[in-house]
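Q: What follows is protein.csv, CSV, C-alpha atoms.
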```csv
chain,number,residue,atom,x,y,z
Z,1,MET,CA,-5.8,24.1,-13.7
Z,2,PHE,CA,-6.6,24.2,-17.4
Z,3,VAL,CA,-3.3,26.1,-18.0
Z,4,LYS,CA,-1.4,23.5,-16.1
Z,5,CYS,CA,-2.9,20.6,-18.2
Z,6,VAL,CA,-2.3,22.5,-21.4
Z,7,LEU,CA,1.3,23.2,-20.3
Z,8,CYS,CA,1.9,19.6,-19.5
Z,9,TYR,CA,0.5,18.5,-22.8
Z,10,ILE,CA,2.7,21.0,-24.8
Z,11,LEU,CA,5.8,20.0,-22.9
Z,12,HIS,CA,5.2,16.2,-23.4
Z,13,MET,CA,3.4,16.5,-26.8
Z,14,ALA,CA,5.9,14.4,-28.6
Z,15,LYS,CA,6.3,11.8,-25.9
Z,16,ASN,CA,4.5,8.5,-26.3
Z,17,ILE,CA,4.3,5.8,-23.7
Z,18,LEU,CA,3.4,2.2,-24.6
Z,19,ILE,CA,2.2,0.2,-21.6
Z,20,ILE,CA,2.3,-3.5,-22.2
Z,21,GLU,CA,-0.1,-4.7,-19.6
Z,22,ASP,CA,-3.0,-7.2,-19.5
Z,23,ASP,CA,-4.6,-5.9,-16.3
Z,24,LEU,CA,-6.9,-3.2,-17.7
Z,25,ASP,CA,-7.8,-1.8,-14.3
Z,26,ILE,CA,-4.2,-0.9,-13.5
Z,27,TYR,CA,-3.5,0.2,-17.1
Z,28,ASN,CA,-6.5,2.7,-17.0
Z,29,LEU,CA,-5.1,4.2,-13.8
Z,30,TYR,CA,-1.6,4.7,-15.2
Z,31,LYS,CA,-3.1,5.9,-18.5
Z,32,THR,CA,-5.2,8.5,-16.7
Z,33,GLN,CA,-2.3,9.8,-14.6
Z,34,LEU,CA,0.2,9.9,-17.5
Z,35,GLU,CA,-2.3,11.7,-19.7
Z,36,LEU,CA,-2.9,14.2,-16.9
Z,37,SER,CA,0.9,14.7,-17.0
Z,38,GLY,CA,0.6,15.3,-20.7
Z,39,TYR,CA,1.8,12.1,-22.2
Z,40,SER,CA,0.2,10.1,-25.0
Z,41,VAL,CA,-0.5,6.6,-23.8
Z,42,MET,CA,-1.1,3.4,-25.8
Z,43,ASN,CA,-1.7,-0.2,-24.6
Z,44,VAL,CA,-1.1,-3.7,-25.8
Z,45,SER,CA,-2.4,-6.5,-23.6
Z,46,ALA,CA,-1.2,-9.6,-25.4
Z,47,GLY,CA,2.4,-10.6,-25.0
Z,48,ASP,CA,2.7,-12.0,-28.5
Z,49,LYS,CA,1.5,-8.7,-30.0
Z,50,ALA,CA,3.9,-6.6,-28.0
Z,51,ILE,CA,6.8,-6.6,-30.5
Z,52,ASP,CA,4.6,-5.5,-33.4
Z,53,ALA,CA,3.2,-2.7,-31.3
Z,54,VAL,CA,6.7,-1.5,-30.4
Z,55,ARG,CA,7.7,-1.6,-34.1
Z,56,GLU,CA,4.6,0.2,-35.1
Z,57,HIS,CA,4.4,3.0,-32.5
Z,58,LYS,CA,8.1,3.5,-31.8
Z,59,PRO,CA,7.2,4.8,-28.3
Z,60,ASP,CA,9.6,7.0,-26.3
Z,61,LEU,CA,9.2,4.6,-23.4
Z,62,VAL,CA,7.8,1.1,-22.9
Z,63,LEU,CA,6.4,0.2,-19.5
Z,64,LEU,CA,6.5,-3.6,-19.6
Z,65,ASP,CA,4.7,-6.0,-17.4
Z,66,LEU,CA,6.2,-9.4,-16.7
Z,67,VAL,CA,3.2,-11.7,-16.4
Z,68,LEU,CA,1.4,-11.6,-19.7
Z,69,PRO,CA,-0.7,-13.9,-21.9
Z,70,GLY,CA,1.2,-15.5,-24.8
Z,71,LYS,CA,4.7,-14.2,-24.1
Z,72,ASN,CA,6.2,-13.0,-20.8
Z,73,GLY,CA,7.9,-9.7,-20.3
Z,74,LEU,CA,11.4,-11.0,-20.1
Z,75,GLU,CA,11.0,-12.8,-23.5
Z,76,ILE,CA,9.6,-9.5,-25.0
Z,77,LEU,CA,12.5,-7.5,-23.5
Z,78,GLN,CA,15.0,-10.0,-24.9
Z,79,GLU,CA,13.4,-9.8,-28.4
Z,80,ILE,CA,13.5,-6.0,-28.3
Z,81,LYS,CA,17.1,-5.9,-27.3
Z,82,GLU,CA,18.2,-8.6,-29.9
Z,83,ASP,CA,16.4,-6.8,-32.8
Z,84,SER,CA,18.7,-4.4,-34.6
Z,85,GLU,CA,15.9,-2.1,-35.4
Z,86,LEU,CA,14.4,-2.0,-31.8
Z,87,ARG,CA,17.6,-2.3,-29.8
Z,88,SER,CA,17.7,1.3,-28.6
Z,89,GLN,CA,14.1,1.1,-27.4
Z,90,ARG,CA,13.9,2.4,-23.8
Z,91,VAL,CA,12.1,-0.2,-21.5
Z,92,VAL,CA,11.1,-0.1,-17.9
Z,93,MET,CA,9.7,-3.2,-16.2
Z,94,LEU,CA,6.5,-2.5,-14.3
Z,95,THR,CA,5.3,-5.6,-12.6
Z,96,ASN,CA,4.1,-7.2,-9.3
Z,97,PHE,CA,6.3,-10.3,-9.9
Z,98,GLY,CA,9.7,-9.6,-8.6
Z,99,ASN,CA,12.4,-11.9,-7.4
Z,100,GLU,CA,16.2,-11.4,-7.5
Z,101,ASP,CA,16.6,-13.6,-10.6
Z,102,ASN,CA,14.0,-11.7,-12.7
Z,103,ILE,CA,15.2,-8.3,-11.6
Z,104,SER,CA,18.9,-9.1,-12.5
Z,105,LYS,CA,17.9,-10.7,-15.7
Z,106,ALA,CA,15.8,-7.7,-16.8
Z,107,ILE,CA,18.5,-5.3,-15.9
Z,108,GLU,CA,21.1,-7.5,-17.7
Z,109,LEU,CA,18.9,-7.6,-20.8
Z,110,GLY,CA,18.8,-3.8,-20.8
Z,111,ALA,CA,15.7,-2.6,-18.8
Z,112,GLU,CA,16.4,0.8,-17.4
Z,113,ASP,CA,14.5,0.2,-14.2
Z,114,TYR,CA,12.4,-2.5,-12.4
Z,115,ILE,CA,9.4,-1.0,-10.7
Z,116,MET,CA,7.0,-2.9,-8.5
Z,117,LYS,CA,3.5,-1.8,-9.1
Z,118,TYR,CA,2.3,-2.3,-5.5
Z,119,ASN,CA,5.1,-0.1,-4.3
Z,120,ILE,CA,4.3,2.9,-6.5
Z,121,VAL,CA,1.2,5.1,-7.0
Z,122,PRO,CA,0.4,6.6,-10.4
Z,123,GLU,CA,1.6,10.0,-9.4
Z,124,GLU,CA,5.1,8.6,-8.5
Z,125,LEU,CA,5.1,6.6,-11.7
Z,126,ALA,CA,4.5,9.8,-13.8
Z,127,ALA,CA,7.3,11.5,-11.9
Z,128,LYS,CA,9.7,8.6,-12.6
Z,129,VAL,CA,8.7,8.6,-16.3
Z,130,SER,CA,9.3,12.3,-16.4
Z,131,THR,CA,12.7,11.9,-14.9
Z,132,LEU,CA,13.6,9.1,-17.2
Z,133,LEU,CA,12.6,11.0,-20.3
Z,134,GLY,CA,14.4,14.1,-19.0
Z,135,ASP,CA,11.3,16.3,-19.0
Z,136,ALA,CA,11.5,19.5,-17.1
Z,137,SER,CA,7.8,19.9,-17.1
Z,138,ASP,CA,7.3,19.0,-13.4
Z,139,SER,CA,9.4,21.9,-12.2
Z,140,VAL,CA,7.7,24.3,-14.7
Z,141,VAL,CA,4.3,23.1,-13.7
Z,142,LYS,CA,5.2,23.5,-10.0
Z,143,LEU,CA,6.3,27.1,-10.8
Z,144,MET,CA,3.0,27.7,-12.5
Z,145,SER,CA,0.9,26.4,-9.7
P,1,MET,CA,34.4,-66.0,-2.0
P,2,ASP,CA,35.8,-62.6,-1.4
P,3,ILE,CA,33.4,-61.2,-3.9
P,4,LEU,CA,30.5,-62.9,-2.2
P,5,LEU,CA,31.5,-61.2,1.1
P,6,ILE,CA,31.9,-57.8,-0.5
P,7,LEU,CA,28.9,-57.8,-2.8
P,8,PRO,CA,26.0,-57.5,-0.2
P,9,PRO,CA,27.4,-54.5,1.6
P,10,PHE,CA,28.4,-53.0,-1.7
P,11,LEU,CA,24.8,-53.4,-3.0
P,12,ILE,CA,23.3,-52.0,0.2
P,13,ALA,CA,25.7,-49.0,-0.1
P,14,LEU,CA,24.7,-48.5,-3.8
P,15,VAL,CA,21.0,-48.7,-3.1
P,16,SER,CA,21.4,-46.3,-0.2
P,17,ILE,CA,23.3,-43.8,-2.4
P,18,PHE,CA,20.5,-44.0,-5.0
P,19,TYR,CA,17.8,-43.7,-2.4
P,20,ILE,CA,19.4,-40.6,-0.8
P,21,HIS,CA,20.0,-39.1,-4.2
P,22,PHE,CA,16.4,-39.6,-5.3
P,23,THR,CA,15.0,-38.4,-1.9
P,24,ASN,CA,17.1,-35.3,-2.1
P,25,GLN,CA,16.0,-34.7,-5.7
P,26,LYS,CA,12.4,-35.0,-4.7
P,27,ALA,CA,12.9,-32.7,-1.7
P,28,THR,CA,14.6,-30.1,-4.0
P,29,ARG,CA,11.9,-30.3,-6.5
P,30,LEU,CA,9.2,-29.9,-3.9
P,31,LYS,CA,11.1,-26.9,-2.4
P,32,LYS,CA,11.3,-25.3,-5.8
P,33,LEU,CA,7.6,-25.8,-6.4
P,34,GLN,CA,6.8,-24.4,-3.0
P,35,ASN,CA,9.0,-21.3,-3.7
P,36,GLU,CA,7.3,-20.8,-7.1
P,37,PHE,CA,3.9,-21.2,-5.6
P,38,THR,CA,4.7,-18.6,-2.9
P,39,ALA,CA,6.0,-16.2,-5.6
P,40,MET,CA,2.8,-16.7,-7.6
P,41,MET,CA,0.6,-16.2,-4.6
P,42,ILE,CA,2.4,-13.0,-3.7
P,43,HIS,CA,1.9,-11.8,-7.3
P,44,GLU,CA,-1.8,-12.6,-7.1
P,45,LEU,CA,-2.2,-10.8,-3.8
P,46,ARG,CA,-0.2,-7.7,-5.0
P,47,SER,CA,-2.2,-7.2,-8.2
P,48,PRO,CA,-5.6,-6.2,-6.6
P,49,LEU,CA,-3.6,-4.4,-3.8
P,50,SER,CA,-1.9,-2.2,-6.5
P,51,VAL,CA,-5.3,-1.3,-8.0
P,52,ILE,CA,-6.8,-0.5,-4.6
P,53,ARG,CA,-3.8,1.6,-3.5
P,54,SER,CA,-3.4,3.4,-6.9
P,55,SER,CA,-7.1,4.2,-7.2
P,56,ALA,CA,-7.4,5.5,-3.7
P,57,ASP,CA,-4.3,7.7,-4.1
P,58,MET,CA,-5.6,9.1,-7.4
P,59,ILE,CA,-9.0,9.9,-6.0
P,60,LEU,CA,-7.4,11.6,-3.0
P,61,LYS,CA,-5.0,13.7,-5.1
P,62,GLU,CA,-6.7,14.2,-8.4
P,63,LYS,CA,-10.4,14.2,-7.6
P,64,ASP,CA,-11.0,17.6,-9.1
P,65,ARG,CA,-9.2,16.9,-12.3
P,66,LEU,CA,-10.6,13.4,-12.8
P,67,GLY,CA,-14.3,14.3,-12.9
P,68,GLU,CA,-17.3,12.4,-11.4
P,69,GLU,CA,-17.4,9.6,-14.0
P,70,LYS,CA,-13.7,8.6,-13.6
P,71,VAL,CA,-13.9,8.8,-9.8
P,72,SER,CA,-16.9,6.5,-9.8
P,73,LEU,CA,-15.1,4.0,-12.0
P,74,MET,CA,-12.1,4.0,-9.7
P,75,ILE,CA,-14.4,3.4,-6.7
P,76,LYS,CA,-15.8,0.5,-8.6
P,77,GLN,CA,-12.3,-0.8,-9.2
P,78,ILE,CA,-11.5,-0.6,-5.5
P,79,GLU,CA,-14.7,-2.6,-4.8
P,80,ASP,CA,-13.9,-5.2,-7.4
P,81,SER,CA,-10.3,-5.6,-6.4
P,82,SER,CA,-11.2,-5.8,-2.7
P,83,SER,CA,-13.6,-8.7,-3.6
P,84,ASN,CA,-10.9,-10.4,-5.6
P,85,LEU,CA,-8.4,-10.0,-2.7
P,86,LEU,CA,-11.0,-11.4,-0.3
P,87,SER,CA,-11.6,-14.4,-2.5
P,88,ILE,CA,-7.9,-15.2,-2.8
P,89,VAL,CA,-7.5,-14.9,1.0
P,90,ASN,CA,-10.5,-17.2,1.5
P,91,ASP,CA,-9.1,-19.7,-1.0
P,92,LEU,CA,-5.8,-19.8,0.9
P,93,LEU,CA,-7.6,-20.3,4.2
P,94,ASP,CA,-9.7,-23.0,2.7
P,95,VAL,CA,-6.6,-24.8,1.4
P,96,ALA,CA,-5.0,-24.5,4.8
P,97,LYS,CA,-8.1,-26.0,6.4
P,98,ILE,CA,-8.2,-28.8,3.8
P,99,GLU,CA,-4.5,-29.6,4.3
P,100,ALA,CA,-5.0,-29.7,8.1
P,101,SER,CA,-8.1,-31.9,7.6
P,102,LYS,CA,-10.1,-29.2,9.5
P,103,ILE,CA,-12.7,-28.5,6.8
P,104,GLU,CA,-16.1,-28.1,8.6
P,105,LEU,CA,-19.2,-29.4,6.9
P,106,PHE,CA,-22.7,-28.3,8.0
P,107,LYS,CA,-24.6,-31.1,6.4
P,108,HIS,CA,-28.4,-31.3,6.2
P,109,PRO,CA,-30.9,-32.6,3.6
P,110,VAL,CA,-30.8,-30.4,0.6
P,111,ASN,CA,-32.9,-30.4,-2.6
P,112,LEU,CA,-30.0,-31.1,-4.9
P,113,ASN,CA,-31.5,-30.3,-8.3
P,114,GLU,CA,-32.8,-26.9,-6.9
P,115,LEU,CA,-29.3,-26.2,-5.7
P,116,LEU,CA,-27.7,-27.1,-9.0
P,117,GLU,CA,-30.2,-25.0,-11.0
P,118,SER,CA,-29.7,-22.0,-8.8
P,119,VAL,CA,-25.9,-22.1,-9.2
P,120,MET,CA,-26.1,-22.8,-12.9
P,121,GLU,CA,-28.4,-19.7,-13.4
P,122,GLY,CA,-25.6,-17.2,-12.9
P,123,TYR,CA,-23.1,-19.2,-15.1
P,124,SER,CA,-25.7,-19.6,-17.8
P,125,LEU,CA,-25.9,-15.8,-18.1
P,126,LEU,CA,-22.1,-15.6,-18.2
P,127,ALA,CA,-21.9,-18.3,-20.8
P,128,LYS,CA,-24.5,-16.5,-22.9
P,129,GLU,CA,-22.6,-13.2,-22.7
P,130,LYS,CA,-19.7,-15.1,-24.1
P,131,GLY,CA,-21.8,-16.6,-26.9
P,132,LEU,CA,-21.9,-20.1,-25.4
P,133,THR,CA,-24.8,-22.4,-24.9
P,134,ALA,CA,-25.6,-23.6,-21.4
P,135,VAL,CA,-27.0,-27.1,-21.2
P,136,VAL,CA,-28.7,-28.4,-18.0
P,137,GLU,CA,-29.7,-32.1,-17.7
P,138,LEU,CA,-30.7,-33.1,-14.2
P,139,ASP,CA,-32.0,-36.4,-13.1
P,140,PRO,CA,-35.6,-35.7,-11.8
P,141,THR,CA,-35.5,-38.8,-9.5
P,142,ILE,CA,-32.9,-37.2,-7.3
P,143,SER,CA,-34.5,-35.4,-4.4
P,144,TYR,CA,-32.9,-34.6,-1.1
P,145,VAL,CA,-29.2,-35.3,-0.4
P,146,SER,CA,-27.4,-34.8,2.8
P,147,CYS,CA,-24.6,-32.2,2.1
P,148,ASP,CA,-23.3,-28.8,3.1
P,149,PRO,CA,-25.0,-26.6,0.5
P,150,GLU,CA,-22.6,-23.7,0.8
P,151,GLN,CA,-19.5,-25.9,0.3
P,152,LEU,CA,-21.2,-27.7,-2.6
P,153,LYS,CA,-22.0,-24.4,-4.2
P,154,HIS,CA,-18.3,-23.6,-3.8
P,155,VAL,CA,-17.3,-26.8,-5.7
P,156,LEU,CA,-19.8,-26.1,-8.5
P,157,SER,CA,-18.8,-22.4,-8.8
P,158,ASN,CA,-15.1,-23.4,-9.2
P,159,LEU,CA,-15.9,-25.9,-11.9
P,160,LEU,CA,-18.5,-23.8,-13.8
P,161,SER,CA,-16.3,-20.7,-13.7
P,162,ASN,CA,-13.4,-22.7,-15.2
P,163,ALA,CA,-15.8,-24.1,-17.8
P,164,VAL,CA,-16.8,-20.6,-18.9
P,165,LYS,CA,-13.3,-19.2,-18.6
P,166,TYR,CA,-11.6,-21.8,-20.8
P,167,THR,CA,-14.3,-22.2,-23.4
P,168,ALA,CA,-14.3,-19.9,-26.4
P,169,LYS,CA,-17.1,-21.5,-28.4
P,170,GLY,CA,-19.7,-24.3,-28.1
P,171,HIS,CA,-21.3,-25.1,-24.8
P,172,ILE,CA,-20.9,-25.7,-21.1
P,173,CYS,CA,-23.1,-28.2,-19.4
P,174,LEU,CA,-24.3,-29.4,-16.0
P,175,ARG,CA,-25.7,-32.9,-15.6
P,176,SER,CA,-26.7,-35.1,-12.6
P,177,LYS,CA,-27.6,-38.8,-12.3
P,178,GLN,CA,-27.7,-41.5,-9.7
P,179,SER,CA,-25.0,-44.2,-9.7
P,180,HIS,CA,-24.4,-47.0,-7.2
P,181,GLY,CA,-25.6,-45.1,-4.1
P,182,PHE,CA,-24.0,-41.9,-5.2
P,183,VAL,CA,-25.2,-38.8,-7.0
P,184,GLN,CA,-22.9,-38.1,-9.9
P,185,ILE,CA,-22.5,-34.5,-11.1
P,186,GLU,CA,-20.8,-33.6,-14.3
P,187,VAL,CA,-19.6,-30.2,-15.4
P,188,CYS,CA,-18.5,-30.3,-19.0
P,189,ASP,CA,-17.4,-27.8,-21.7
P,190,THR,CA,-16.1,-27.7,-25.3
P,191,GLY,CA,-13.1,-25.7,-24.3
P,192,VAL,CA,-9.3,-26.2,-24.5
P,193,GLY,CA,-9.4,-29.5,-22.7
P,194,ILE,CA,-6.8,-31.0,-20.4
P,195,THR,CA,-3.9,-33.1,-21.5
P,196,PRO,CA,-3.6,-36.7,-20.0
P,197,LYS,CA,-0.4,-35.6,-18.1
P,198,MET,CA,-2.2,-32.6,-16.6
P,199,ARG,CA,-5.1,-34.7,-15.5
P,200,GLN,CA,-2.8,-36.5,-13.0
P,201,GLN,CA,-1.7,-33.1,-11.6
P,202,ILE,CA,-4.6,-30.8,-11.8
P,203,PHE,CA,-6.0,-31.3,-8.3
P,204,LYS,CA,-2.6,-30.8,-6.7
P,205,LYS,CA,-1.7,-27.5,-4.9
P,206,PHE,CA,1.4,-26.6,-6.9
P,207,VAL,CA,0.2,-27.5,-10.4
P,208,GLN,CA,-0.2,-23.9,-11.5
P,209,ALA,CA,3.2,-22.9,-10.1
P,210,ARG,CA,5.9,-22.1,-12.6
P,211,GLU,CA,8.8,-19.7,-12.7
P,212,LEU,CA,6.6,-17.1,-14.4
P,213,PRO,CA,2.8,-17.4,-14.4
P,214,VAL,CA,1.5,-17.2,-18.0
P,215,SER,CA,-1.4,-14.8,-17.4
P,216,ARG,CA,-3.7,-13.3,-14.9
P,217,GLU,CA,-6.5,-15.4,-16.3
P,218,HIS,CA,-5.0,-18.5,-14.9
P,219,GLY,CA,-5.5,-17.3,-11.3
P,220,THR,CA,-4.2,-19.0,-8.2
P,221,GLY,CA,-5.1,-22.5,-9.4
P,222,LEU,CA,-6.5,-23.3,-5.9
P,223,GLY,CA,-10.1,-23.8,-7.0
P,224,LEU,CA,-9.7,-27.5,-7.9
P,225,VAL,CA,-7.6,-28.2,-4.8
P,226,ILE,CA,-10.5,-26.8,-2.8
P,227,ALA,CA,-13.1,-28.7,-4.8
P,228,LYS,CA,-11.3,-32.0,-4.2
P,229,GLY,CA,-11.0,-31.3,-0.5
P,230,ILE,CA,-14.8,-30.5,-0.2
P,231,VAL,CA,-15.9,-33.5,-2.3
P,232,GLU,CA,-13.7,-35.9,-0.3
P,233,ALA,CA,-14.9,-34.4,3.0
P,234,HIS,CA,-18.4,-35.4,1.8
P,235,GLY,CA,-17.2,-38.9,1.2
P,236,GLY,CA,-17.2,-38.5,-2.6
P,237,LYS,CA,-14.6,-38.5,-5.4
P,238,ILE,CA,-13.7,-36.0,-8.1
P,239,TRP,CA,-11.9,-36.6,-11.4
P,240,VAL,CA,-11.6,-35.3,-15.0
P,241,GLU,CA,-12.2,-36.9,-18.3
P,242,ASP,CA,-12.2,-35.9,-22.0
P,243,ASN,CA,-15.5,-34.4,-23.2
P,244,LEU,CA,-15.4,-35.9,-26.6
P,245,PRO,CA,-14.9,-34.6,-29.3
P,246,SER,CA,-13.4,-31.6,-27.5
P,247,GLY,CA,-13.1,-30.1,-24.0
P,248,SER,CA,-13.2,-31.5,-20.6
P,249,LYS,CA,-15.6,-33.2,-18.2
P,250,PHE,CA,-15.3,-32.8,-14.5
P,251,ILE,CA,-17.2,-35.4,-12.5
P,252,PHE,CA,-17.8,-35.7,-8.8
P,253,THR,CA,-19.8,-37.9,-6.6
P,254,ILE,CA,-21.7,-37.3,-3.3
P,255,PRO,CA,-23.2,-40.2,-1.3
P,256,LEU,CA,-27.0,-40.4,-1.6
P,257,SER,CA,-27.6,-41.3,2.0
```
So, in terms of structure tokens, how does the structure I just supplied come out?
A:
Amino acid sequence: MFVKCVLCYILHMAKNILIIEDDLDIYNLYKTQLELSGYSVMNVSAGDKAIDAVREHKPDLVLLDLVLPGKNGLEILQEIKEDSELRSQRVVMLTNFGNEDNISKAIELGAEDYIMKYNIVPEELAAKVSTLLGDASDSVVKLMS
Amino acid sequence: MDILLILPPFLIALVSIFYIHFTNQKATRLKKLQNEFTAMMIHELRSPLSVIRSSADMILKEKDRLGEEKVSLMIKQIEDSSSNLLSIVNDLLDVAKIEASKIELFKHPVNLNELLESVMEGYSLLAKEKGLTAVVELDPTISYVSCDPEQLKHVLSNLLSNAVKYTAKGHICLRSKQSHGFVQIEVCDTGVGITPKMRQQIFKKFVQARELPVSREHGTGLGLVIAKGIVEAHGGKIWVEDNLPSGSKFIFTIPLS
């Protein structure tokens, strides 16, 4: 088990995930699972502090909630994609608020995926993140176990 | 002459067109609000469900790697989220009962000041934890009032929890007095206050609805709808005023007899 964790960490050592989420219960669950998979995880809970956090941490992936205090997820996504410095930032929407309009708008603005929280468990989220970031760790870990 | 003959049907047609136009506009607006409200409620229900499902899944699959402390924390999250979910479902059922005028009251003589003090006790602690002062000023001449104590506690809890939630500094207060055959109960705070425009809307079901809710903190917005329903079922009234110099003051009345 220890070897598995160390291996995950080494494989993902350089990968930082920023979770923009104001529900700390769900954030802690995702953080725990992603850390078990070897990622380094950060959080910002206020919508109006999200852009500064992205600029400061330059994460490999942003998991962005839609319903946030201060500024909503779509506004944050739009700002990221309109900022010449942040434009290439990879963003996945991770929310419980999904209607066709929001989903199409997010994808149109440049989100790589739109994941409904109630539809996914942390283990599946970690697998999705791993696939998105092109990490081969899962298969290696499976071979190790 | 011709104009006089044509004018009345022309005016009737014109008024009819405007009437249909405005009725349709109103119906469209109501439909939009209903859709936004439904979307918001689905979001509010899915949030605790996500925590329950994710926590349970992690405990089942990662128990050994998580350790005892994290597992306990996740079990606590399941418990809290289940309570949250239950309270949302209960709110929705209460609103449905209020809308169908089927709210049941089990009225009997209740020592009102004792009831007010007991409800305030919990919120005083919450206020103090937030660095707020809790003020209680109860009219000692009020004794027994015929009411449904559980429903009245529900009203007070809704108002006091809002007062604590939306007040960053200063105080929250609970006052009671007698006025023209009614008991008047005030819950005030020194919080963000309510704009005059919002004061007209705040007790309506769809007021919190919008395309995207601003934050989890705002909740379902059903608390005041329920409070109004319960107060009116008791034969009282509820309204909101400015709590000068800052904050808001919710006032409701209950008949003394």
Q: Taking (-5.6, -39.5, -20.1) in the coordinates of the supplied file, I want to know which residues reach to within 8 Å of it, counting all atoms listed in the file; could you give the answer as a PyMOL selection string?
A: chain P and resi 195-197+199+241-242
Q: With distances taken over all atoms listed in the file, which of Z:Ile51, Z:His57, Z:Gln89, Z:Thr95 is nearest to chain P?
A: Z:Thr95
Q: With a distance threshold of 12 Å and counting all atoms listed in the file, extract the residues of chain P near chain Z and express them as a ChimeraX atom specification.
A: /P:35-67,70-71,73-81,210-219
Q: Can you tell me, as a ChimeraX atom specification, which residues sit within 7 Å of (2.5, 14.5, -15.7) in the file's frame, using all atoms listed in the file?
A: /Z:8,33-39,126-127,138
Q: Using all atoms listed in the file, which protein or nucleic acid residues come within 10 Å of Ala53 of chain Z? Drop anything in the same chain fewer than 5 positions from it, and give the result as a PyMOL selection string.
A: chain Z and resi 18+20+42-44+48+58-59
Q: Which residue, P:Phe203, P:Leu105, P:Val183, P:Leu93, has the smallest gap to Gly221 of chain P when you use all atoms listed in the file?
A: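 Nearest to Gly221 of chain P: P:Phe203.
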Q: Mind giving me the straight-line distance from atom CA of Lys49 of chain Z to atom CA of Ile202 of chain P in Å, one decimal?
A: 29.3 Å
Q: If you measure from atom CA of Tyr114 of chain Z to atom CA of Leu61 of chain Z, what distance in Å do you get, rounded to one decimal?
A: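 Atom-to-atom, atom CA of Tyr114 of chain Z and atom CA of Leu61 of chain Z are spaced 13.5 Å apart.
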Q: Using atom CA of His171 of chain P and atom CA of Leu156 of chain P as the two end points, give the distance in Å to one decimal.
A: 16.4 Å
Q: Please provide as number ranges by chain all residues within 10 Å of Lys107 of chain P, with the sequence filter that same-chain residues fewer than 6 positions apart are discarded (counting all atoms listed in the file).
A: P: 145-151, 234
Q: Using all atoms listed in the file, pick whichever of Z:Gly110, Z:Lys105, Z:Asp135, Z:Leu63 has the shortest atom-to-atom distance to Ile80 of chain Z.
A: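 Looking only at the distances to Ile80 of chain Z, the closest residue turns out to be Z:Gly110.
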